[in-house]
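A.B. asks: Attaching a single structure in structure tokens format; questions to follow.
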Amino acid sequence: MSDPLLSQLAERLARPVEEGTRQRARLHLLDWLACIAGARQSEAGELGAVISHAGWERATYLGYVLGREDSSPIGGVRPGPVVWPAALSMGSAAMDARLDAAIRGYEAMIAVGASLGEYHSRHWNASATAGLFGACAAFGSLIGFAPVEYANAMGNAGSVGGGLLQGLDGELLTRQWQVYHAVRTGRDAAMHVHYGATGPLDLLEGERGLFAAMTDRAQPLGETPGGWLIEQVLCLPADSDDEHGANREPASAAQSAKMEALASAGLLGPGEAERAVNIALHGNDAGELDALVNRWLGG
């Protein structure tokens with residue numbers, strides 16, 4: 001009998017991360033920073049400002065506002081708005097630890113998103129459902145989880161999965177609430193396992209599990225044999241009218257240009273875009289990253 005799906009996924013998450021993959025993650029960090037920079041003046045930003053004093057938590061309301069967030073062709077999820085706040089949510093974590101956390105968060109979120117199938121995507125926001133797993137994996141990485149801990153934590157996170165599509169196509173802030181919920185709940189699930197909680201390892205495929213409740217035809221977990229799923233994620237330019245944007249591989253020049261454009265749209269002061277580019281692509285001081293986000297969002 002094969003191991004439960006979450007145990008299989010947990011083994012993938014526990015792999016060491018190579019430096020080249022960290023460099024890829026830096027491009028997605030810059031992409032996420034650009035998205036929250038451009039959304040600073042939004043209604044969602046105002047709500048986030050009164051919900052929390054922490055920059056990473058306020059940012060949960062901003063990453064999914066502009067529709068310019070990164071997206072995965074595998075599973076149809078948008079990982080950045082969910083994974084990066086979780087990966088930045090431990091102030092003592094070094095930059096490499098945060099990059100590794102994001103890589104593992106992308107892996108879990110995309111893998112589960114790919115397994116949910118078309119029926120799920122017609123009724124549920126897969127970025128919220130699978131986002132719970134991504135946030136949980138990212139924070140578990142920061143804690144230093146072993147495979148069994150990843151599996152237990154994701155089992156508990158997924159046990160409260162959801163994210164209905166109703167209300168997501170209007171002016172409501174339901175989408176931002178779902179992201180906030182995914183980040184906080186996934187993070188809390190990891191914290192509970194760290195202190196001894198256990199969870200259902202067969203949460204996905206079990207008789208009364210997530211697949212039985214939320215899809216009519218479960219698919220295999222998404223994977224990139226020998227690599228990480230973040231390597232398949234695409235980035236959009238700042239200009240939503242760019243018809244070729246959906247197929248753009250992230251590159252430092254394109255992501256820097258996006259940062260410059262969206263920082264201007266978000267009314268950030270001179271030099272803030274350049275600071276963000278330097279921190280995201282080259283910085284090793286996690287405190288500088290936290291200070292940047294807090295300054296932008298008033299945390």
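In the structure tokens, chains take letters A, B, ... by order of appearance, with residues numbered from 1 within each chain and ligands from 1 in the order shown.
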Quick one: contact table of region 95-199 of chain A to region 205-221 of chain A, 12 Å max, nearest atom pair and distance in Å to one decimal per residue, counting only C-alpha atoms, chain and number order, as CSV?

C.D. replies:
```
residue,atom,partner,partner_atom,distance
A:Glu107,CA,A:Leu221,CA,10.1
A:Ala108,CA,A:Leu221,CA,9.2
A:Met109,CA,A:Leu221,CA,10.1
A:Ile110,CA,A:Leu221,CA,8.4
A:Ala111,CA,A:Leu221,CA,4.8
A:Val112,CA,A:Leu221,CA,5.8
A:Gly113,CA,A:Leu221,CA,7.9
A:Ala114,CA,A:Leu221,CA,5.9
A:Ser115,CA,A:Gln219,CA,4.2
A:Leu116,CA,A:Ala218,CA,5.5
A:Gly117,CA,A:Ala218,CA,5.8
A:Glu118,CA,A:Thr215,CA,7.9
A:Tyr119,CA,A:Thr215,CA,5.6
A:His120,CA,A:Thr215,CA,5.1
A:Ser121,CA,A:Thr215,CA,8.8
A:Arg122,CA,A:Thr215,CA,9.8
A:His123,CA,A:Met214,CA,8.7
A:Trp124,CA,A:Met214,CA,8.2
A:Asn125,CA,A:Met214,CA,11.1
A:Ala126,CA,A:Met214,CA,10.4
A:Thr129,CA,A:Leu210,CA,9.6
A:Ala130,CA,A:Leu210,CA,10.7
A:Met154,CA,A:Leu210,CA,11.7
A:Gly155,CA,A:Gly209,CA,9.7
A:Asn156,CA,A:Gly209,CA,11.2
A:Ala157,CA,A:Leu210,CA,11.0
A:Gly158,CA,A:Leu210,CA,7.3
A:Ser159,CA,A:Leu210,CA,7.3
A:Val160,CA,A:Leu210,CA,9.3
A:Gly161,CA,A:Leu210,CA,7.8
A:Gly162,CA,A:Met214,CA,8.8
A:Gly163,CA,A:Met214,CA,10.8
A:Leu164,CA,A:Met214,CA,10.7
```

A.B. asks: Would you mind exporting N, CA, C and O atoms of the selected residues as a short mmCIF file (atom, residue, chain, number, x, y, z; two decimals), in the first residue's frame?

C.D. replies:
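Written output follows (again02.cif):
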```
data_model
loop_
_atom_site.label_atom_id
_atom_site.label_comp_id
_atom_site.auth_asym_id
_atom_site.auth_seq_id
_atom_site.Cartn_x
_atom_site.Cartn_y
_atom_site.Cartn_z
N GLU A 107 5.37 24.80 -3.80
CA GLU A 107 5.29 23.37 -4.13
C GLU A 107 3.98 22.77 -3.62
O GLU A 107 3.26 22.09 -4.37
N ALA A 108 3.68 23.02 -2.36
CA ALA A 108 2.48 22.42 -1.77
C ALA A 108 1.22 22.99 -2.39
O ALA A 108 0.27 22.25 -2.72
N MET A 109 1.17 24.29 -2.57
CA MET A 109 -0.03 24.94 -3.09
C MET A 109 -0.32 24.50 -4.52
O MET A 109 -1.46 24.17 -4.87
N ILE A 110 0.71 24.47 -5.35
CA ILE A 110 0.51 24.09 -6.76
C ILE A 110 0.19 22.60 -6.87
O ILE A 110 -0.67 22.19 -7.65
N ALA A 111 0.89 21.77 -6.09
CA ALA A 111 0.65 20.33 -6.16
C ALA A 111 -0.80 19.99 -5.81
O ALA A 111 -1.46 19.22 -6.51
N VAL A 112 -1.31 20.57 -4.73
CA VAL A 112 -2.69 20.30 -4.33
C VAL A 112 -3.66 20.93 -5.33
O VAL A 112 -4.67 20.32 -5.71
N GLY A 113 -3.36 22.15 -5.78
CA GLY A 113 -4.22 22.80 -6.76
C GLY A 113 -4.40 21.95 -8.00
O GLY A 113 -5.51 21.85 -8.56
N ALA A 114 -3.32 21.31 -8.45
CA ALA A 114 -3.39 20.48 -9.65
C ALA A 114 -4.26 19.25 -9.44
O ALA A 114 -4.84 18.72 -10.39
N SER A 115 -4.38 18.79 -8.21
CA SER A 115 -5.13 17.56 -7.94
C SER A 115 -6.64 17.78 -7.86
O SER A 115 -7.41 16.82 -7.88
N LEU A 116 -7.07 19.03 -7.80
CA LEU A 116 -8.48 19.30 -7.50
C LEU A 116 -9.40 19.21 -8.72
O LEU A 116 -10.60 18.99 -8.57
N GLY A 117 -8.87 19.42 -9.91
CA GLY A 117 -9.66 19.18 -11.11
C GLY A 117 -10.60 20.31 -11.50
O GLY A 117 -10.78 21.30 -10.78
N GLU A 118 -11.24 20.14 -12.65
CA GLU A 118 -12.08 21.19 -13.25
C GLU A 118 -13.35 21.45 -12.44
O GLU A 118 -13.78 22.60 -12.32
N TYR A 119 -13.97 20.42 -11.91
CA TYR A 119 -15.19 20.63 -11.13
C TYR A 119 -14.93 21.59 -9.97
O TYR A 119 -15.72 22.49 -9.70
N HIS A 120 -13.83 21.37 -9.30
CA HIS A 120 -13.49 22.23 -8.16
C HIS A 120 -13.36 23.68 -8.60
O HIS A 120 -13.89 24.59 -7.95
N SER A 121 -12.68 23.90 -9.71
CA SER A 121 -12.43 25.28 -10.15
C SER A 121 -13.68 25.98 -10.63
O SER A 121 -13.69 27.21 -10.74
N ARG A 122 -14.77 25.25 -10.88
CA ARG A 122 -16.03 25.87 -11.26
C ARG A 122 -16.82 26.37 -10.05
O ARG A 122 -17.74 27.17 -10.19
N HIS A 123 -16.48 25.89 -8.86
CA HIS A 123 -17.25 26.23 -7.67
C HIS A 123 -16.40 26.86 -6.56
O HIS A 123 -16.95 27.58 -5.72
N TRP A 124 -15.10 26.59 -6.59
CA TRP A 124 -14.23 27.00 -5.50
C TRP A 124 -13.07 27.82 -6.02
O TRP A 124 -12.62 27.64 -7.16
N ASN A 125 -12.57 28.71 -5.20
CA ASN A 125 -11.34 29.44 -5.50
C ASN A 125 -10.18 28.54 -5.11
O ASN A 125 -9.82 28.42 -3.94
N ALA A 126 -9.58 27.90 -6.11
CA ALA A 126 -8.50 26.95 -5.82
C ALA A 126 -7.32 27.61 -5.14
O ALA A 126 -6.59 26.97 -4.38
N THR A 129 -8.39 27.30 -1.51
CA THR A 129 -8.39 25.91 -1.04
C THR A 129 -6.97 25.38 -0.93
O THR A 129 -6.54 24.89 0.12
N ALA A 130 -6.23 25.47 -2.04
CA ALA A 130 -4.85 24.99 -2.05
C ALA A 130 -3.92 25.93 -1.29
O ALA A 130 -2.86 25.51 -0.82
N MET A 154 -0.46 19.87 7.19
CA MET A 154 -1.27 20.06 5.99
C MET A 154 -2.61 19.34 6.12
O MET A 154 -3.62 19.82 5.60
N GLY A 155 -2.63 18.20 6.82
CA GLY A 155 -3.90 17.51 7.05
C GLY A 155 -4.87 18.37 7.83
O GLY A 155 -6.06 18.45 7.50
N ASN A 156 -4.37 19.03 8.87
CA ASN A 156 -5.25 19.90 9.65
C ASN A 156 -5.63 21.15 8.88
O ASN A 156 -6.78 21.60 8.93
N ALA A 157 -4.68 21.73 8.16
CA ALA A 157 -5.00 22.93 7.37
C ALA A 157 -6.08 22.62 6.34
O ALA A 157 -7.08 23.34 6.21
N GLY A 158 -5.90 21.53 5.61
CA GLY A 158 -6.86 21.18 4.58
C GLY A 158 -8.21 20.77 5.11
O GLY A 158 -9.22 20.84 4.39
N SER A 159 -8.28 20.37 6.39
CA SER A 159 -9.55 19.94 6.96
C SER A 159 -10.55 21.08 7.08
O SER A 159 -11.75 20.84 7.25
N VAL A 160 -10.09 22.32 7.00
CA VAL A 160 -10.99 23.47 7.02
C VAL A 160 -10.90 24.22 5.69
O VAL A 160 -11.11 25.42 5.61
N GLY A 161 -10.61 23.49 4.60
CA GLY A 161 -10.46 24.09 3.28
C GLY A 161 -11.75 24.67 2.75
O GLY A 161 -12.84 24.25 3.12
N GLY A 162 -11.61 25.65 1.88
CA GLY A 162 -12.79 26.27 1.28
C GLY A 162 -12.40 27.39 0.36
O GLY A 162 -11.31 27.42 -0.19
N GLY A 163 -13.30 28.33 0.21
CA GLY A 163 -13.08 29.45 -0.69
C GLY A 163 -14.05 29.44 -1.86
O GLY A 163 -13.66 29.24 -3.01
N LEU A 164 -15.33 29.64 -1.59
CA LEU A 164 -16.34 29.64 -2.65
C LEU A 164 -16.14 30.80 -3.62
O LEU A 164 -15.68 31.87 -3.24
#
```

A.B. asks: Need the shell around Pro81 (chain A): protein/DNA/RNA residues with any atom at most 9 Å away, counting only C-alpha atoms. Skip same-chain ones fewer than 3 positions apart. Format as a PyMOL selection string?

C.D. replies: chain A and resi 32+35-36+59-64+69-70+78+84-85+179

A.B. asks: Deliver the residues from the most recent selection as a file, using N, CA, C and O atoms, as a PDB file, in the first residue's frame.

C.D. replies:
```
ATOM      1  N   TRP A  32       5.896  39.805  -6.187  1.00  0.00           N
ATOM      2  CA  TRP A  32       4.920  40.020  -5.123  1.00  0.00           C
ATOM      3  C   TRP A  32       5.055  41.416  -4.517  1.00  0.00           C
ATOM      4  O   TRP A  32       4.056  42.094  -4.275  1.00  0.00           O
ATOM      5  N   CYS A  35       3.356  43.858  -6.691  1.00  0.00           N
ATOM      6  CA  CYS A  35       1.893  43.800  -6.592  1.00  0.00           C
ATOM      7  C   CYS A  35       1.385  44.515  -5.344  1.00  0.00           C
ATOM      8  O   CYS A  35       0.384  45.247  -5.408  1.00  0.00           O
ATOM      9  N   ILE A  36       2.066  44.338  -4.204  1.00  0.00           N
ATOM     10  CA  ILE A  36       1.574  45.021  -3.002  1.00  0.00           C
ATOM     11  C   ILE A  36       1.900  46.510  -3.060  1.00  0.00           C
ATOM     12  O   ILE A  36       1.155  47.333  -2.518  1.00  0.00           O
ATOM     13  N   ALA A  59      -0.142  42.745   4.266  1.00  0.00           N
ATOM     14  CA  ALA A  59       0.097  42.434   2.859  1.00  0.00           C
ATOM     15  C   ALA A  59      -0.817  41.351   2.325  1.00  0.00           C
ATOM     16  O   ALA A  59      -0.998  41.240   1.104  1.00  0.00           O
ATOM     17  N   THR A  60      -1.417  40.534   3.199  1.00  0.00           N
ATOM     18  CA  THR A  60      -2.334  39.507   2.707  1.00  0.00           C
ATOM     19  C   THR A  60      -3.513  40.123   1.960  1.00  0.00           C
ATOM     20  O   THR A  60      -4.130  39.468   1.112  1.00  0.00           O
ATOM     21  N   TYR A  61      -3.843  41.379   2.265  1.00  0.00           N
ATOM     22  CA  TYR A  61      -4.966  42.043   1.610  1.00  0.00           C
ATOM     23  C   TYR A  61      -4.582  42.697   0.282  1.00  0.00           C
ATOM     24  O   TYR A  61      -5.465  43.149  -0.451  1.00  0.00           O
ATOM     25  N   LEU A  62      -3.303  42.748  -0.045  1.00  0.00           N
ATOM     26  CA  LEU A  62      -2.866  43.547  -1.194  1.00  0.00           C
ATOM     27  C   LEU A  62      -2.389  42.736  -2.392  1.00  0.00           C
ATOM     28  O   LEU A  62      -2.447  43.212  -3.520  1.00  0.00           O
ATOM     29  N   GLY A  63      -1.896  41.538  -2.175  1.00  0.00           N
ATOM     30  CA  GLY A  63      -1.262  40.802  -3.258  1.00  0.00           C
ATOM     31  C   GLY A  63      -2.194  40.373  -4.367  1.00  0.00           C
ATOM     32  O   GLY A  63      -1.757  40.092  -5.483  1.00  0.00           O
ATOM     33  N   TYR A  64      -3.508  40.323  -4.073  1.00  0.00           N
ATOM     34  CA  TYR A  64      -4.487  39.789  -5.025  1.00  0.00           C
ATOM     35  C   TYR A  64      -5.436  40.880  -5.518  1.00  0.00           C
ATOM     36  O   TYR A  64      -6.528  40.599  -5.980  1.00  0.00           O
ATOM     37  N   GLU A  69      -0.719  39.295 -10.170  1.00  0.00           N
ATOM     38  CA  GLU A  69       0.066  38.335  -9.399  1.00  0.00           C
ATOM     39  C   GLU A  69       0.536  37.172 -10.271  1.00  0.00           C
ATOM     40  O   GLU A  69      -0.025  36.912 -11.335  1.00  0.00           O
ATOM     41  N   ASP A  70       1.577  36.483  -9.812  1.00  0.00           N
ATOM     42  CA  ASP A  70       2.079  35.347 -10.591  1.00  0.00           C
ATOM     43  C   ASP A  70       1.051  34.220 -10.583  1.00  0.00           C
ATOM     44  O   ASP A  70       0.147  34.169  -9.751  1.00  0.00           O
ATOM     45  N   ARG A  78      -2.702  30.930  -7.919  1.00  0.00           N
ATOM     46  CA  ARG A  78      -1.872  32.129  -7.911  1.00  0.00           C
ATOM     47  C   ARG A  78      -1.147  32.168  -6.566  1.00  0.00           C
ATOM     48  O   ARG A  78      -1.672  32.690  -5.582  1.00  0.00           O
ATOM     49  N   TRP A  84       3.927  34.283   0.070  1.00  0.00           N
ATOM     50  CA  TRP A  84       4.937  35.218   0.564  1.00  0.00           C
ATOM     51  C   TRP A  84       4.620  35.796   1.936  1.00  0.00           C
ATOM     52  O   TRP A  84       5.528  35.889   2.791  1.00  0.00           O
ATOM     53  N   PRO A  85       3.380  36.177   2.246  1.00  0.00           N
ATOM     54  CA  PRO A  85       3.138  36.637   3.622  1.00  0.00           C
ATOM     55  C   PRO A  85       3.488  35.582   4.664  1.00  0.00           C
ATOM     56  O   PRO A  85       4.063  35.899   5.711  1.00  0.00           O
ATOM     57  N   VAL A 179      -7.719  35.099   1.085  1.00  0.00           N
ATOM     58  CA  VAL A 179      -6.262  35.022   1.164  1.00  0.00           C
ATOM     59  C   VAL A 179      -5.809  35.159   2.617  1.00  0.00           C
ATOM     60  O   VAL A 179      -4.965  34.393   3.106  1.00  0.00           O
TER      61      VAL A 179
END
```

A.B. asks: May I have the residues within 12 Å of Asp96 (chain A) as a list in words, using only C-alpha atoms and disregarding those fewer than 6 positions away in the same chain?

C.D. replies: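 Surrounding residues, per the criterion: Pro16, Val17, Glu18, Glu19, Gly20, Thr21, Arg22, Gln23, Ala25, Arg26, Ala87, Leu88, Ala102, Ile103, Ser141, Leu142, Ala280, Leu281, His282, Gly283, Asn284, Asp285 and Ala286 of chain A.
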
A.B. asks: Considering only C-alpha atoms, can you say which of A:Gln41, A:Thr198, A:Gln8, A:Ser2 comes closest to Trp296 (chain A)?

C.D. replies: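 The shortest atom-to-atom distance to Trp296 (chain A) comes from A:Gln41.
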
A.B. asks: Write down as a PyMOL selection string the residues of region 37-273 of chain A whose backbone DSSP state falls under helix (DSSP H, G or I).

C.D. replies: chain A and resi 37-38+43-51+55-61+80-87+95-115+117-123+126-129+131-143+147-158+174-194+210-214+229-232+245-247+252-265+272-273

A.B. asks: Would you compute the distance between CA of Ala49 (chain A) and CA of Gly91 (chain A)? Give it in Å to one decimal.

C.D. replies: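 Separation between CA of Ala49 (chain A) and CA of Gly91 (chain A): 18.9 Å.
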
A.B. asks: Tell me which protein, DNA and RNA residues are within 10 Å of Glu288 (chain A), counting only C-alpha atoms, leaving out same-chain ones fewer than 4 positions away, and put them as a PyMOL selection string.

C.D. replies: chain A and resi 95+275-276+279-280+283-284+292-294

A.B. asks: Could you tell me how far CA of Asp239 (chain A) sits from CA of Arg175 (chain A), in Å to one decimal place?

C.D. replies: 21.7 Å

A.B. asks: In Å, rounded to a single decimal, give me how far CA of Ala94 (chain A) is from CA of His53 (chain A).

C.D. replies: 21.3 Å

A.B. asks: Point out the residue among A:Ala37, A:Leu47, A:Val83, A:Ala251 with the least atom-to-atom distance to Gly105 (chain A), counting only C-alpha atoms.

C.D. replies: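 With only C-alpha atoms as the atom set, the closest residue is A:Val83.
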
A.B. asks: When you count only C-alpha atoms, which of these residues is closest to Cys136 (chain A): A:Val82, A:Leu165, A:Ala97, A:Ile51?

C.D. replies: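 With only C-alpha atoms as the atom set, the closest residue is A:Val82.
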
A.B. asks: Using only C-alpha atoms, pick whichever of A:Ala44, A:Ala93, A:Ala128, A:Ala263 has the shortest atom-to-atom distance to Leu172 (chain A).

C.D. replies: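 Between A:Ala44, A:Ala93, A:Ala128, A:Ala263, the residue approaching Leu172 (chain A) most closely is A:Ala44.
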
A.B. asks: Find the residue from A:Ala182, A:Ala146, A:Glu43, A:Asp169 that sits nearest to Ala86 (chain A); use only C-alpha atoms when measuring.

C.D. replies: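 Nearest candidate to Ala86 (chain A) out of A:Ala182, A:Ala146, A:Glu43, A:Asp169: A:Ala182.
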
A.B. asks: DSSP on the backbone, strand (DSSP E or B) only: what residues of region 37-262 of chain A does that give? Format it as a PDB file with N, CA and C atoms, in the first residue's frame.

C.D. replies:
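Generated file (part-v6.pdb):
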```
ATOM      1  N   SER A  71       1.173  33.330 -11.556  1.00  0.00           N
ATOM      2  CA  SER A  71       0.176  32.260 -11.704  1.00  0.00           C
ATOM      3  C   SER A  71       0.847  30.989 -12.189  1.00  0.00           C
ATOM      4  N   TRP A 124     -15.104  26.594  -6.588  1.00  0.00           N
ATOM      5  CA  TRP A 124     -14.235  26.998  -5.496  1.00  0.00           C
ATOM      6  C   TRP A 124     -13.071  27.824  -6.019  1.00  0.00           C
ATOM      7  N   LEU A 164     -15.332  29.643  -1.595  1.00  0.00           N
ATOM      8  CA  LEU A 164     -16.343  29.637  -2.654  1.00  0.00           C
ATOM      9  C   LEU A 164     -16.139  30.798  -3.618  1.00  0.00           C
ATOM     10  N   LEU A 234       4.472  31.495 -13.918  1.00  0.00           N
ATOM     11  CA  LEU A 234       4.594  32.605 -14.859  1.00  0.00           C
ATOM     12  C   LEU A 234       4.311  33.930 -14.176  1.00  0.00           C
TER      13      LEU A 234
END
```
